[in-house]
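S.K.: So that we are looking at the same thing, I have put the structure below in structure tokens.
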Amino acid sequence: MTCQDCKKNDAQVHFTQIVNNEKMSLSLCKECAAARGFHSPLDNVPFPLAEILSSLTMGLPEKAISKDLEKLKCDSCGMTFGDFTRKGRFGCGKCYRIFRPRLEGIMRKIHGASLHRGGIPKFEGEKMENFPVAIKEEERLETELKKAIESEDFERAAEIRDKLRLMKEETARTEKAENSKV
Amino acid sequence: MFEQMAKNPAAWLSGKGNESLVVLSTRVRLARNIAGCLYPGSANTETKQRVVSYFDSVRERSKTMNEGLYFKAPEFTELDKNFLIERHLISPAFLNGDLSKALYIDTSERVSIMVNEEDHLRIQGLAPGLDPRGAYKLAGKFDKEISKHLEYDFDDDFGFLTACPTNAGTGMRVSVLIHLPGLVLTREIEKVISRITRTGLVVRGFYGEGSDVLGNLFQVSNQNTLGVSEDEIIELIDRVTKEINEHEAAARKRLMDEAADMMEDKIWRALGILQNARMLTADEAMNLLSAVRLGHAMKIINFLDVTLINQILLLSQPAHLQKYYGSEMDPNKRDFVRAQLVREMLGANGKGTRKGLQA
């Protein structure tokens, strides 16, 4: 068997990975395996993002990769949506804001969800950049929920509803804790 | 550089911790970026240096990060680089490209922070055995401290923003290094893996030459970082790893019930080769050590301990071997020296207490 990457040398490293129940196999020569970061079983293996993203964008309907979208550009780092699907990496945090409408679907394919539910950083210093004043998160989510229902995106609607419920429970808990202190 | 470190065992491979007969180590990695700075992949040198200086000023102010090792613009040799990779302190991709990077390693060698890898900060905690909570606590302590002084790139919807969308949300990847010879020998591994991957985890095995998984070592890690909380990721990894361990234990029991003679033969032969070989490649040593580790866990060999087996495993890696002896060697010389080191380490510990030979 020849190496899948260079198509010259004999494949010596056979690598199997199963992501979301889909088996991916790679047969590489030692040099190409090292180039991809596969050194030894003790190493941390890089996530096979290129494979995942290319399958993601291939799965998108024709109109989703239209010229306009391809040209959608981040004004902070200059990356276009097309660049992103090819590289699989964002250039900066603003890319997320610029590409947001497209990202919800992509995030759901990668993570099975599109809304964060983990920890929130507690920054104590001065902000480095003037971000627009955030609307109250709950209010914003209520609006998003309405939009999702209108566009019949029920998967997203359910996710937002869950997040809202969690936030309300959290608020209730902290209020209760505050009250009991008094 | 690092010759002294090579002589000390790595804290994450101490053989202590939960389920340490099957689980070698647990790692938690947090990906963080600083607001208002382009990510390392698209930033120019000036921006990257600015990020390093931000981290620098936090480190100087910090009580936690005052001690430990700190390398700014690290000019490492290939050997240094491979040594740190083998020791799990950096990722293979970290030192590619220019020198506008920094690396911090805490005194216990259980936390490392890479500045300007794929993200501005990669904070990593390591723990021996199965201990996702402990590893998260370590990394989280540093993360919390940094976040007080530096504003992270954070979004209400997408959480911590990362260069790669597969890391967004919690930015947290937990991975467990696990030894599964029983499932490999009974050929049940694929079945178990496909069941696990339905739970949102990724399993990776390494295949060397032939069809055997190198060292029978697998890595289990969470695939999803968005839409799940840190606690949920920790619990998932913990629960599923324990499930895998149960399958592994059942496979080992079946092997002993049905083919005890063959198992014992395989294990004692492996030990025999390790104790007598004059040339050992890293792959061969890894596969033989896998059999010996299994023999130890199944109480077939009872004069070795898992700490020693782990230490031999680490030291037989090419860069560790060279750092241990303090000189660069070609592969042939390495194989010779490796065999010698393995003989010494196994012999010294086995003297006089070979009760296992009666088994």
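Chains: A, B, ... in order of the structure tokens. Residues: from 1 per chain. Ligands: from 1, in order shown.
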So that I can check the surroundings of stretch 28-32 of chain A, please list as a list in words every protein, DNA and RNA residue that reaches within 8 Å of it, counting only C-alpha atoms and ignoring chain neighbours fewer than 5 positions away.
M.R.: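 Returned residues: Thr2, Cys3, Gln4, Asp5, Cys6, Asn9, Asp10, Ala11, Gln12, Val13 and His14 of chain A.
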S.K.: Can you build me a table of stretch 148-205 of chain B residues sitting at most 9 Å from stretch 103-114 of chain A, with the closest atom pair per residue and its distance in Å to one decimal, using only C-alpha atoms, sorted by chain and residue number, as a Markdown table?
M.R.:
```
| residue | atom | partner | partner_atom | distance |
| --- | --- | --- | --- | --- |
| B:Asp157 | CA | A:Ser114 | CA | 7.1 |
| B:Phe158 | CA | A:Ser114 | CA | 6.9 |
| B:Pro165 | CA | A:Met107 | CA | 7.2 |
| B:Thr166 | CA | A:Ile110 | CA | 6.5 |
| B:Ala168 | CA | A:Met107 | CA | 8.8 |
| B:Gly169 | CA | A:Ser114 | CA | 8.8 |
| B:Gly200 | CA | A:His111 | CA | 8.6 |
```
S.K.: Please, could you write that set of residues out with N, CA and C atoms as an mmCIF file, in the first residue's frame?
M.R.:
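What follows is the written file out_21.cif:
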```
data_model
loop_
_atom_site.group_PDB
_atom_site.id
_atom_site.type_symbol
_atom_site.label_atom_id
_atom_site.label_comp_id
_atom_site.auth_asym_id
_atom_site.auth_seq_id
_atom_site.Cartn_x
_atom_site.Cartn_y
_atom_site.Cartn_z
ATOM 1 N N ASP B 157 -22.941 33.322 22.811
ATOM 2 C CA ASP B 157 -23.406 32.118 22.110
ATOM 3 C C ASP B 157 -22.324 31.049 22.013
ATOM 4 N N PHE B 158 -21.131 31.473 21.566
ATOM 5 C CA PHE B 158 -20.100 30.490 21.229
ATOM 6 C C PHE B 158 -19.054 30.307 22.336
ATOM 7 N N PRO B 165 -12.956 25.970 15.132
ATOM 8 C CA PRO B 165 -14.323 25.860 15.656
ATOM 9 C C PRO B 165 -14.557 24.598 16.492
ATOM 10 N N THR B 166 -13.699 23.602 16.341
ATOM 11 C CA THR B 166 -13.882 22.373 17.119
ATOM 12 C C THR B 166 -13.533 22.564 18.594
ATOM 13 N N ALA B 168 -14.284 25.670 20.255
ATOM 14 C CA ALA B 168 -15.053 26.784 20.814
ATOM 15 C C ALA B 168 -15.990 26.296 21.917
ATOM 16 N N GLY B 169 -16.489 27.247 22.707
ATOM 17 C CA GLY B 169 -17.375 26.898 23.818
ATOM 18 C C GLY B 169 -16.584 26.892 25.111
ATOM 19 N N GLY B 200 -20.355 10.667 22.096
ATOM 20 C CA GLY B 200 -19.718 11.967 21.887
ATOM 21 C C GLY B 200 -18.258 11.988 22.277
#
```
S.K.: Which residues are close to A:Asp75, i.e. within 9 Å by only C-alpha atoms, leaving aside same-chain residues fewer than 5 positions away? Reply as a ChimeraX atom specification.
M.R.: /A:94-95,98
S.K.: Write out as a list of chain:residue names which residues come within 7 Å of stretch 174-188 of chain B when counting only C-alpha atoms, dropping same-chain ones fewer than 4 positions away.
M.R.: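 In the requested format, the answer is B:Val22, B:Val23, B:Leu24, B:Ser25, B:Thr26, B:Arg27, B:Val28, B:Arg29, B:Pro132, B:Val192, B:Asn216, B:Leu217, B:Phe218, B:Gln219, B:Val220, B:Ser221, B:Asn222, B:Glu248, B:Ala251, B:Arg252.
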S.K.: Let me see the file: selected residues, N, CA and C atoms, as a compact mmCIF listing (two decimals), in the first residue's frame.
M.R.:
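Okay, selection-v6.txt is ready:
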```txt
# COMPACT_ATOMS: atom_id res chain seq x y z
N VAL B 22 -4.91 0.48 34.39
CA VAL B 22 -5.41 0.56 33.01
C VAL B 22 -5.23 1.96 32.43
N VAL B 23 -5.48 2.98 33.26
CA VAL B 23 -5.38 4.35 32.76
C VAL B 23 -4.03 4.94 33.15
N LEU B 24 -3.24 5.34 32.14
CA LEU B 24 -1.92 5.89 32.44
C LEU B 24 -2.02 7.32 32.94
N SER B 25 -2.78 8.15 32.21
CA SER B 25 -2.81 9.55 32.61
C SER B 25 -4.03 10.26 32.05
N THR B 26 -4.31 11.43 32.63
CA THR B 26 -5.42 12.26 32.19
C THR B 26 -4.88 13.66 31.91
N ARG B 27 -5.35 14.24 30.82
CA ARG B 27 -4.91 15.59 30.48
C ARG B 27 -6.13 16.46 30.22
N VAL B 28 -6.08 17.69 30.73
CA VAL B 28 -7.13 18.66 30.41
C VAL B 28 -6.47 19.86 29.76
N ARG B 29 -6.98 20.24 28.61
CA ARG B 29 -6.39 21.38 27.92
C ARG B 29 -7.45 22.46 27.71
N PRO B 132 -9.94 13.32 35.67
CA PRO B 132 -10.27 14.52 34.90
C PRO B 132 -10.54 15.73 35.80
N VAL B 192 -16.28 -2.10 21.00
CA VAL B 192 -16.34 -1.18 22.15
C VAL B 192 -16.16 0.26 21.68
N ASN B 216 -0.76 -1.18 22.54
CA ASN B 216 -2.16 -1.33 22.96
C ASN B 216 -2.66 -0.09 23.70
N LEU B 217 -2.14 1.06 23.28
CA LEU B 217 -2.52 2.31 23.96
C LEU B 217 -3.54 3.07 23.13
N PHE B 218 -4.53 3.57 23.80
CA PHE B 218 -5.59 4.34 23.14
C PHE B 218 -5.79 5.65 23.86
N GLN B 219 -6.31 6.61 23.09
CA GLN B 219 -6.61 7.89 23.71
C GLN B 219 -8.10 8.15 23.60
N VAL B 220 -8.73 8.41 24.71
CA VAL B 220 -10.16 8.71 24.71
C VAL B 220 -10.31 10.19 25.04
N SER B 221 -11.03 10.94 24.18
CA SER B 221 -11.21 12.35 24.50
C SER B 221 -12.60 12.83 24.09
N ASN B 222 -13.01 13.97 24.65
CA ASN B 222 -14.33 14.48 24.30
C ASN B 222 -14.29 15.15 22.93
N GLU B 248 -12.65 -4.05 29.54
CA GLU B 248 -11.27 -4.55 29.51
C GLU B 248 -11.09 -5.65 30.56
N ALA B 251 -12.69 -8.81 29.38
CA ALA B 251 -11.89 -9.44 28.32
C ALA B 251 -10.70 -10.17 28.93
N ARG B 252 -10.03 -9.54 29.91
CA ARG B 252 -8.87 -10.17 30.55
C ARG B 252 -9.28 -11.46 31.26
```
S.K.: As an MDAnalysis selection string, please: the residues near stretch 66-70 of chain B (cut-off 9 Å, only C-alpha atoms, same-chain neighbours under 2 positions excluded).
M.R.: chainID B and resid 59:64 72 102:109
S.K.: Could you turn the residues from that selection into a file that holds N, CA and C atoms, as a PDB file, in the first residue's frame?
M.R.:
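Wrote result36.pdb, looks like this:
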```pdb
ATOM      1  N   ARG B  59       2.277  36.951  34.341  1.00  0.00           N
ATOM      2  CA  ARG B  59       3.126  35.987  35.044  1.00  0.00           C
ATOM      3  C   ARG B  59       3.950  36.673  36.132  1.00  0.00           C
ATOM      4  N   GLU B  60       4.449  37.852  35.803  1.00  0.00           N
ATOM      5  CA  GLU B  60       5.274  38.559  36.791  1.00  0.00           C
ATOM      6  C   GLU B  60       4.471  38.966  38.026  1.00  0.00           C
ATOM      7  N   ARG B  61       3.217  39.335  37.789  1.00  0.00           N
ATOM      8  CA  ARG B  61       2.367  39.754  38.903  1.00  0.00           C
ATOM      9  C   ARG B  61       1.847  38.571  39.724  1.00  0.00           C
ATOM     10  N   SER B  62       1.931  37.376  39.121  1.00  0.00           N
ATOM     11  CA  SER B  62       1.254  36.232  39.720  1.00  0.00           C
ATOM     12  C   SER B  62       2.111  35.523  40.759  1.00  0.00           C
ATOM     13  N   LYS B  63       1.447  35.089  41.836  1.00  0.00           N
ATOM     14  CA  LYS B  63       2.168  34.308  42.835  1.00  0.00           C
ATOM     15  C   LYS B  63       2.368  32.882  42.333  1.00  0.00           C
ATOM     16  N   THR B  64       1.323  32.353  41.673  1.00  0.00           N
ATOM     17  CA  THR B  64       1.373  30.975  41.184  1.00  0.00           C
ATOM     18  C   THR B  64       2.438  30.778  40.112  1.00  0.00           C
ATOM     19  N   LYS B  72      11.124  32.221  26.982  1.00  0.00           N
ATOM     20  CA  LYS B  72      10.597  33.217  26.063  1.00  0.00           C
ATOM     21  C   LYS B  72      11.358  33.066  24.756  1.00  0.00           C
ATOM     22  N   ALA B 102       6.074  31.595  23.812  1.00  0.00           N
ATOM     23  CA  ALA B 102       6.626  31.402  25.150  1.00  0.00           C
ATOM     24  C   ALA B 102       6.056  30.120  25.731  1.00  0.00           C
ATOM     25  N   LEU B 103       6.805  29.540  26.650  1.00  0.00           N
ATOM     26  CA  LEU B 103       6.365  28.301  27.277  1.00  0.00           C
ATOM     27  C   LEU B 103       6.588  28.396  28.778  1.00  0.00           C
ATOM     28  N   TYR B 104       5.536  28.107  29.530  1.00  0.00           N
ATOM     29  CA  TYR B 104       5.655  28.083  30.982  1.00  0.00           C
ATOM     30  C   TYR B 104       5.389  26.665  31.481  1.00  0.00           C
ATOM     31  N   ILE B 105       6.228  26.179  32.397  1.00  0.00           N
ATOM     32  CA  ILE B 105       6.012  24.865  33.019  1.00  0.00           C
ATOM     33  C   ILE B 105       6.078  25.050  34.520  1.00  0.00           C
ATOM     34  N   ASP B 106       5.067  24.616  35.242  1.00  0.00           N
ATOM     35  CA  ASP B 106       5.065  24.837  36.693  1.00  0.00           C
ATOM     36  C   ASP B 106       6.031  23.867  37.387  1.00  0.00           C
ATOM     37  N   THR B 107       6.344  24.145  38.658  1.00  0.00           N
ATOM     38  CA  THR B 107       7.381  23.363  39.339  1.00  0.00           C
ATOM     39  C   THR B 107       7.038  21.881  39.428  1.00  0.00           C
ATOM     40  N   SER B 108       5.748  21.560  39.561  1.00  0.00           N
ATOM     41  CA  SER B 108       5.372  20.157  39.699  1.00  0.00           C
ATOM     42  C   SER B 108       5.358  19.457  38.350  1.00  0.00           C
ATOM     43  N   GLU B 109       5.573  20.210  37.262  1.00  0.00           N
ATOM     44  CA  GLU B 109       5.538  19.673  35.906  1.00  0.00           C
ATOM     45  C   GLU B 109       4.165  19.129  35.543  1.00  0.00           C
TER      46      GLU B 109
END
```
S.K.: Which is closer to chain B than all the others in A:Thr143, A:Gly93, A:Asp162, A:Ala177, using only C-alpha atoms?
M.R.: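 Result for the nearest residue to chain B: A:Gly93.
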S.K.: From the set B:His296, B:Arg122, B:Arg110, B:Arg32, which residue has the shortest atom-to-atom contact distance to chain A, counting only C-alpha atoms?
M.R.: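 Among the listed residues, the smallest separation from chain A belongs to B:Arg32.
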